[in-house]
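J.: One structure follows; several queries about it will come next.
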Amino acid sequence: MRTVPLVDGPVELRGALDLEVTEAGVMPRRLPAWTKEQYQDPSVYGVTLMPSGVRLVFRTDARELEFEVLTSTGQLDTDPRPRPTGMLELLVDGAPAGRRQAPVGNVLRMSGSGAVQRVIPGEPGTVRFAGLPAGMKQIELWLPQQTPTELVALRADGEVLAPLPDGRRRWVHHGSSVSHCLEADGPTGTWPVVAAALGGVEVINLSQAGNALLDPYVARAIRDLPADLISLKAGINIVSLAAFRLRTFGPAVHGFLDTIRDGHPDTPLLLMSPVSCPALEETPGPTTMGPDGKLIALGDPAEVAGGALSLTVVRAELARIVAARQAHDPHLHYLEGRELLGPDDADDLADGLHPGAAAYRRMGKRFAAHAFADEGPFR
């Protein structure tokens, strides 16, 4: 087996906008390094380290590959074992060729959600993919969407070359946890990846669980990225955190779109409203989890008349903004989020907020049927 350099070699890392050097190796991150100076909440940094949509791409004639990684996963003091680390998935010439459980490495222990973390250091682990087809082939090695993963080493028993140029269109997407898809059954089971495969495009997923809040640095990152297609899914975190009132929400949406249009004036841009979330349809946030593990809205529906945001208000405002802007921006489109997951799918929300694995795949198929159809915005 020969060791293949992970940096400045034939391997291309797609889906990450930053690569941090660590003691073990390198850590992919899904926002540029300069953004770290522009937020204080450590959860932002944490979710950008979760490599949803991040994959290593190369060509090889190897029959066997070894991939050494160091993961970091959480564990509550009351739990008997760490949270699942997720899957590493291998695609050969675009077809599934194996999946392996990511090994447990560092464990972040805490007494409860949001408590101070105590790091229990771990060791890198190795996953092996054997029995690959003979001959030169394109490899995609997808990282677990929910687990920060340091890349330590890649080994192959054959030649490794740079991938051929990818002629597919590039789709950049930003959304919340419902687009980050922590609950998917693997990295290729997130709805953006499912939709991209059906639409024949390459996806860059900049979604941030709990942190889709129209942050200006995200808009600037998208502005500066090469993109043939762009989509934004906005609203659920804004309502669940009571982050805006109606007075401030509209200008923030306009500002986010304006920044993206500074770099992509004519790129098809699809603005999506939230999927169904029964607790927040008519009731504002903030939210908490009830004793049954279901989402509870703590706001007062009577406050909507004074500017508090519910999902119903957010959907109406997003539709209004798109309709107004389309007069001078014919490449801007709107998608009602409940077309991807609506009231009839509420049983798929185990915690009242997040879809399950099958629902994420269904969302990907529904998005592809809408966006990539002959008359769709991404046709």
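Identifiers in this document derive from the order of the structure tokens: chains are assigned A, B, ..., residues are numbered from 1 separately in each chain, and ligands are numbered from 1 in order of occurrence.
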Excluding same-chain residues fewer than 2 positions from segment 325-341 of chain A, what lies within 7 Å of it counting only C-alpha atoms, as a PyMOL selection string?
T.: chain A and resi 266-276+319+321-323+345+363+366-367+377
J.: Would you mind exporting the chosen residues as a short mmCIF file (atom, residue, chain, number, x, y, z; two decimals), in the first residue's frame, restricted to all heavy atoms?
T.:
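What follows is the written file again_25.cif:
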data_model
loop_
_atom_site.label_atom_id
_atom_site.label_comp_id
_atom_site.auth_asym_id
_atom_site.auth_seq_id
_atom_site.Cartn_x
_atom_site.Cartn_y
_atom_site.Cartn_z
N ASP A 266 -27.05 36.88 -12.68
CA ASP A 266 -27.98 36.19 -13.56
C ASP A 266 -28.12 34.70 -13.26
O ASP A 266 -28.78 33.98 -14.00
CB ASP A 266 -27.55 36.35 -15.02
CG ASP A 266 -27.48 37.81 -15.44
OD1 ASP A 266 -28.41 38.56 -15.10
OD2 ASP A 266 -26.49 38.20 -16.09
N THR A 267 -27.49 34.22 -12.20
CA THR A 267 -27.53 32.80 -11.87
C THR A 267 -28.93 32.42 -11.37
O THR A 267 -29.51 33.14 -10.55
CB THR A 267 -26.51 32.49 -10.77
OG1 THR A 267 -25.21 32.86 -11.22
CG2 THR A 267 -26.52 31.01 -10.40
N PRO A 268 -29.51 31.32 -11.83
CA PRO A 268 -30.78 30.88 -11.27
C PRO A 268 -30.68 30.75 -9.76
O PRO A 268 -29.79 30.07 -9.23
CB PRO A 268 -31.02 29.53 -11.94
CG PRO A 268 -30.27 29.62 -13.24
CD PRO A 268 -29.05 30.44 -12.94
N LEU A 269 -31.61 31.42 -9.05
CA LEU A 269 -31.57 31.47 -7.59
C LEU A 269 -32.96 31.11 -7.07
O LEU A 269 -33.94 31.78 -7.40
CB LEU A 269 -31.16 32.87 -7.12
CG LEU A 269 -30.61 33.05 -5.70
CD1 LEU A 269 -29.98 34.43 -5.53
CD2 LEU A 269 -31.68 32.84 -4.64
N LEU A 270 -33.01 30.05 -6.29
CA LEU A 270 -34.29 29.54 -5.79
C LEU A 270 -34.37 29.79 -4.28
O LEU A 270 -33.55 29.29 -3.52
CB LEU A 270 -34.39 28.04 -6.08
CG LEU A 270 -35.64 27.32 -5.58
CD1 LEU A 270 -36.90 27.90 -6.22
CD2 LEU A 270 -35.55 25.82 -5.87
N LEU A 271 -35.35 30.58 -3.86
CA LEU A 271 -35.59 30.85 -2.45
C LEU A 271 -36.70 29.94 -1.97
O LEU A 271 -37.79 29.92 -2.54
CB LEU A 271 -35.97 32.32 -2.24
CG LEU A 271 -36.19 32.77 -0.79
CD1 LEU A 271 -34.94 32.59 0.04
CD2 LEU A 271 -36.65 34.23 -0.76
N MET A 272 -36.42 29.18 -0.92
CA MET A 272 -37.35 28.18 -0.42
C MET A 272 -37.83 28.55 0.98
O MET A 272 -37.03 28.96 1.83
CB MET A 272 -36.66 26.81 -0.37
CG MET A 272 -36.06 26.37 -1.70
SD MET A 272 -34.87 25.02 -1.51
CE MET A 272 -35.89 23.78 -0.75
N SER A 273 -39.10 28.36 1.23
CA SER A 273 -39.65 28.59 2.57
C SER A 273 -39.56 27.31 3.39
O SER A 273 -39.23 26.25 2.87
CB SER A 273 -41.09 29.08 2.46
OG SER A 273 -41.92 28.06 1.94
N PRO A 274 -39.86 27.38 4.69
CA PRO A 274 -39.71 26.20 5.55
C PRO A 274 -40.68 25.08 5.20
O PRO A 274 -41.79 25.30 4.73
CB PRO A 274 -40.01 26.75 6.96
CG PRO A 274 -39.76 28.22 6.86
CD PRO A 274 -40.17 28.60 5.47
N VAL A 275 -40.22 23.85 5.48
CA VAL A 275 -41.11 22.69 5.41
C VAL A 275 -42.04 22.74 6.62
O VAL A 275 -41.93 23.60 7.49
CB VAL A 275 -40.31 21.37 5.39
CG1 VAL A 275 -39.34 21.35 4.21
CG2 VAL A 275 -39.55 21.14 6.71
N SER A 276 -42.97 21.81 6.68
CA SER A 276 -43.93 21.77 7.77
C SER A 276 -43.23 21.55 9.12
O SER A 276 -42.30 20.75 9.23
CB SER A 276 -44.95 20.66 7.55
OG SER A 276 -45.89 21.04 6.58
N ALA A 319 -42.65 34.76 -0.08
CA ALA A 319 -43.35 34.78 -1.37
C ALA A 319 -43.53 36.20 -1.86
O ALA A 319 -43.37 36.49 -3.06
CB ALA A 319 -44.70 34.07 -1.24
N ILE A 321 -41.63 38.85 -1.15
CA ILE A 321 -40.33 39.40 -1.53
C ILE A 321 -39.92 38.90 -2.92
O ILE A 321 -39.47 39.68 -3.77
CB ILE A 321 -39.27 39.03 -0.48
CG1 ILE A 321 -39.51 39.83 0.80
CG2 ILE A 321 -37.86 39.27 -1.00
CD1 ILE A 321 -38.66 39.39 1.98
N VAL A 322 -40.08 37.61 -3.16
CA VAL A 322 -39.70 37.07 -4.47
C VAL A 322 -40.57 37.68 -5.57
O VAL A 322 -40.06 38.08 -6.62
CB VAL A 322 -39.82 35.53 -4.47
CG1 VAL A 322 -39.66 34.98 -5.89
CG2 VAL A 322 -38.76 34.92 -3.55
N ALA A 323 -41.87 37.78 -5.34
CA ALA A 323 -42.76 38.36 -6.35
C ALA A 323 -42.36 39.79 -6.67
O ALA A 323 -42.36 40.20 -7.85
CB ALA A 323 -44.20 38.29 -5.87
N ASP A 345 -46.88 14.73 5.88
CA ASP A 345 -45.64 14.04 6.23
C ASP A 345 -45.25 14.25 7.69
O ASP A 345 -44.15 13.89 8.10
CB ASP A 345 -44.48 14.55 5.34
CG ASP A 345 -44.75 14.36 3.87
OD1 ASP A 345 -44.95 13.21 3.45
OD2 ASP A 345 -44.76 15.37 3.13
N MET A 363 -37.65 13.95 0.13
CA MET A 363 -37.48 15.38 -0.14
C MET A 363 -36.55 15.61 -1.33
O MET A 363 -36.80 16.49 -2.17
CB MET A 363 -36.92 16.08 1.10
CG MET A 363 -37.91 16.25 2.24
SD MET A 363 -37.14 16.97 3.72
CE MET A 363 -36.66 18.60 3.09
N ARG A 366 -38.45 14.91 -4.49
CA ARG A 366 -39.43 15.96 -4.76
C ARG A 366 -38.76 17.24 -5.23
O ARG A 366 -39.26 17.92 -6.14
CB ARG A 366 -40.27 16.22 -3.51
CG ARG A 366 -41.23 15.09 -3.17
CD ARG A 366 -41.93 15.31 -1.83
NE ARG A 366 -42.91 14.26 -1.55
CZ ARG A 366 -43.57 14.14 -0.40
NH1 ARG A 366 -43.36 15.03 0.57
NH2 ARG A 366 -44.44 13.16 -0.23
N PHE A 367 -37.63 17.58 -4.63
CA PHE A 367 -36.91 18.78 -5.07
C PHE A 367 -36.45 18.60 -6.52
O PHE A 367 -36.59 19.52 -7.34
CB PHE A 367 -35.71 19.06 -4.17
CG PHE A 367 -34.95 20.29 -4.56
CD1 PHE A 367 -35.29 21.53 -4.03
CD2 PHE A 367 -33.91 20.24 -5.48
CE1 PHE A 367 -34.60 22.68 -4.39
CE2 PHE A 367 -33.21 21.38 -5.85
CZ PHE A 367 -33.56 22.61 -5.30
N PRO A 377 -36.91 25.76 -12.33
CA PRO A 377 -35.94 26.86 -12.25
C PRO A 377 -34.50 26.45 -12.55
O PRO A 377 -33.70 27.29 -12.95
CB PRO A 377 -36.08 27.34 -10.81
CG PRO A 377 -36.65 26.18 -10.06
CD PRO A 377 -37.54 25.49 -11.03
#
J.: As JSON, numbers by chain, please: every residue in segment 132-337 of chain A that a backbone DSSP assignment puts in alpha helix (DSSP H).
T.: {"A": [177, 178, 179, 180, 191, 192, 193, 194, 195, 196, 197, 198, 199, 216, 217, 218, 219, 220, 221, 222, 223, 224, 236, 237, 238, 239, 240, 246, 247, 248, 249, 250, 251, 252, 253, 254, 255, 256, 257, 258, 259, 260, 261, 262, 263, 311, 312, 313, 314, 315, 316, 317, 318, 319, 320, 321, 322, 323, 324, 325]}
J.: Quick one: contact table of segment 131-213 of chain A to segment 39-49 of chain A, 8 Å max, nearest atom pair and distance in Å to one decimal per residue, counting only C-alpha atoms, chain and number order, as a Markdown table?
T.:
| residue | atom | partner | partner_atom | distance |
| --- | --- | --- | --- | --- |
| A:Thr147 | CA | A:Leu49 | CA | 7.7 |
| A:Pro148 | CA | A:Leu49 | CA | 5.1 |
| A:Thr149 | CA | A:Leu49 | CA | 7.6 |
| A:Leu206 | CA | A:Thr48 | CA | 7.9 |
| A:Gln208 | CA | A:Val47 | CA | 5.8 |
| A:Ala209 | CA | A:Val47 | CA | 6.3 |
| A:Asn211 | CA | A:Val44 | CA | 6.5 |
J.: For Glu140 of chain A, find every residue with an atom within 10 Å (counting only C-alpha atoms), except residues of its own chain fewer than 4 positions away, and show them as a ChimeraX atom specification.
T.: /A:11-14,54-59,89-97,163
J.: Would you list the contacts of segment 303-314 of chain A as number ranges by chain, taking every protein, DNA or RNA residue within 7 Å and counting only C-alpha atoms, but skipping same-chain residues closer than 6 positions in sequence?
T.: A: 235, 239, 245-247, 280-284
J.: Restricting the output to N, CA, C and O atoms, write the selected residues as a compact mmCIF listing (two decimals), in the first residue's frame.
T.:
# COMPACT_ATOMS: atom_id res chain seq x y z
N GLY A 235 -35.90 30.33 7.20
CA GLY A 235 -37.07 30.58 8.02
C GLY A 235 -37.16 29.80 9.31
O GLY A 235 -37.53 30.36 10.34
N VAL A 239 -37.47 31.54 13.09
CA VAL A 239 -38.66 31.46 13.94
C VAL A 239 -38.34 30.76 15.26
O VAL A 239 -38.73 31.20 16.34
N ARG A 245 -38.03 40.12 13.96
CA ARG A 245 -39.43 40.51 13.89
C ARG A 245 -39.73 40.76 12.41
O ARG A 245 -38.83 40.81 11.57
N LEU A 246 -41.00 40.93 12.09
CA LEU A 246 -41.38 41.16 10.71
C LEU A 246 -40.68 42.39 10.14
O LEU A 246 -40.24 42.40 8.98
N ARG A 247 -40.51 43.43 10.95
CA ARG A 247 -39.87 44.67 10.51
C ARG A 247 -38.43 44.42 10.05
O ARG A 247 -37.96 45.03 9.08
N LEU A 280 -44.72 25.33 15.07
CA LEU A 280 -44.41 26.72 14.74
C LEU A 280 -45.26 27.29 13.62
O LEU A 280 -45.03 28.42 13.20
N GLU A 281 -46.23 26.54 13.15
CA GLU A 281 -47.02 27.02 12.02
C GLU A 281 -47.73 28.34 12.34
O GLU A 281 -47.71 29.27 11.55
N GLU A 282 -48.32 28.43 13.50
CA GLU A 282 -49.05 29.64 13.88
C GLU A 282 -48.51 30.29 15.15
O GLU A 282 -48.92 31.40 15.50
N THR A 283 -47.58 29.62 15.82
CA THR A 283 -47.06 30.10 17.10
C THR A 283 -45.60 30.52 16.94
O THR A 283 -44.80 29.75 16.40
N PRO A 284 -45.22 31.70 17.41
CA PRO A 284 -43.82 32.13 17.31
C PRO A 284 -42.93 31.34 18.27
O PRO A 284 -43.39 30.69 19.21
J.: Env of Ala252 of chain A: 10 Å cut, atoms = only C-alpha atoms, seq-sep filter 5 positions within chain, self excluded. Answer as a list of chain:residue names.
T.: A:Leu213, A:Leu214, A:Asp215, A:Pro216, A:Phe244, A:Arg247, A:Leu257, A:Asp258
J.: Would you kindly return, as a list of chain:residue names, each protein, DNA or RNA residue with an atom no farther than 12 Å from any atom of Ala373 of chain A, considering only C-alpha atoms and excluding same-chain residues fewer than 4 positions away?
T.: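 The residues that qualify are A:Ala195, A:Leu198, A:Gly199, A:Gly200, A:Lys365, A:Arg366, A:Phe367, A:Ala368, A:Ala369, A:Pro377, A:Phe378, A:Arg379.
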J.: At most 12 Å is the cut-off: for each residue in segment 7-54 of chain A with any atom that close to an atom of segment 71-81 of chain A, write down the nearest atom pair and the distance in Å rounded to one decimal, counting only C-alpha atoms, chain first then increasing number, as JSON lines.
T.:
{"residue": "A:Ala24", "atom": "CA", "partner": "A:Thr71", "partner_atom": "CA", "distance": 10.5}
{"residue": "A:Gly25", "atom": "CA", "partner": "A:Thr71", "partner_atom": "CA", "distance": 11.4}
{"residue": "A:Val26", "atom": "CA", "partner": "A:Thr71", "partner_atom": "CA", "distance": 11.6}
{"residue": "A:Met27", "atom": "CA", "partner": "A:Thr71", "partner_atom": "CA", "distance": 9.9}
{"residue": "A:Pro28", "atom": "CA", "partner": "A:Thr71", "partner_atom": "CA", "distance": 11.8}
{"residue": "A:Gly46", "atom": "CA", "partner": "A:Ser72", "partner_atom": "CA", "distance": 10.4}
{"residue": "A:Leu49", "atom": "CA", "partner": "A:Ser72", "partner_atom": "CA", "distance": 9.9}
{"residue": "A:Met50", "atom": "CA", "partner": "A:Ser72", "partner_atom": "CA", "distance": 9.6}
{"residue": "A:Pro51", "atom": "CA", "partner": "A:Thr71", "partner_atom": "CA", "distance": 11.1}
J.: Would you kindly return, as a ChimeraX atom specification, each protein, DNA or RNA residue with an atom no farther than 9 Å from any atom of Ala359 of chain A, considering only C-alpha atoms and excluding same-chain residues fewer than 5 positions away?
T.: /A:184,191,341,345,348-349,364
J.: My list of candidates is A:Ala115, A:Ala227, A:Val7, A:Val104. Which is closest to Arg170 of chain A when distances are computed with only C-alpha atoms?
T.: A:Ala227
J.: Between A:Gly167, A:Lys294, A:Glu317, A:Ile230, which is the closest to Pro251 of chain A once you count only C-alpha atoms?
T.: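 Smallest separation from Pro251 of chain A among the options: A:Glu317.
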J.: From the set A:Gly9, A:Gly125, A:Gly158, A:Gly342, which residue has the shortest atom-to-atom contact distance to Arg63 of chain A, counting only C-alpha atoms?
T.: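 Among the listed residues, A:Gly158 lies closest to Arg63 of chain A.
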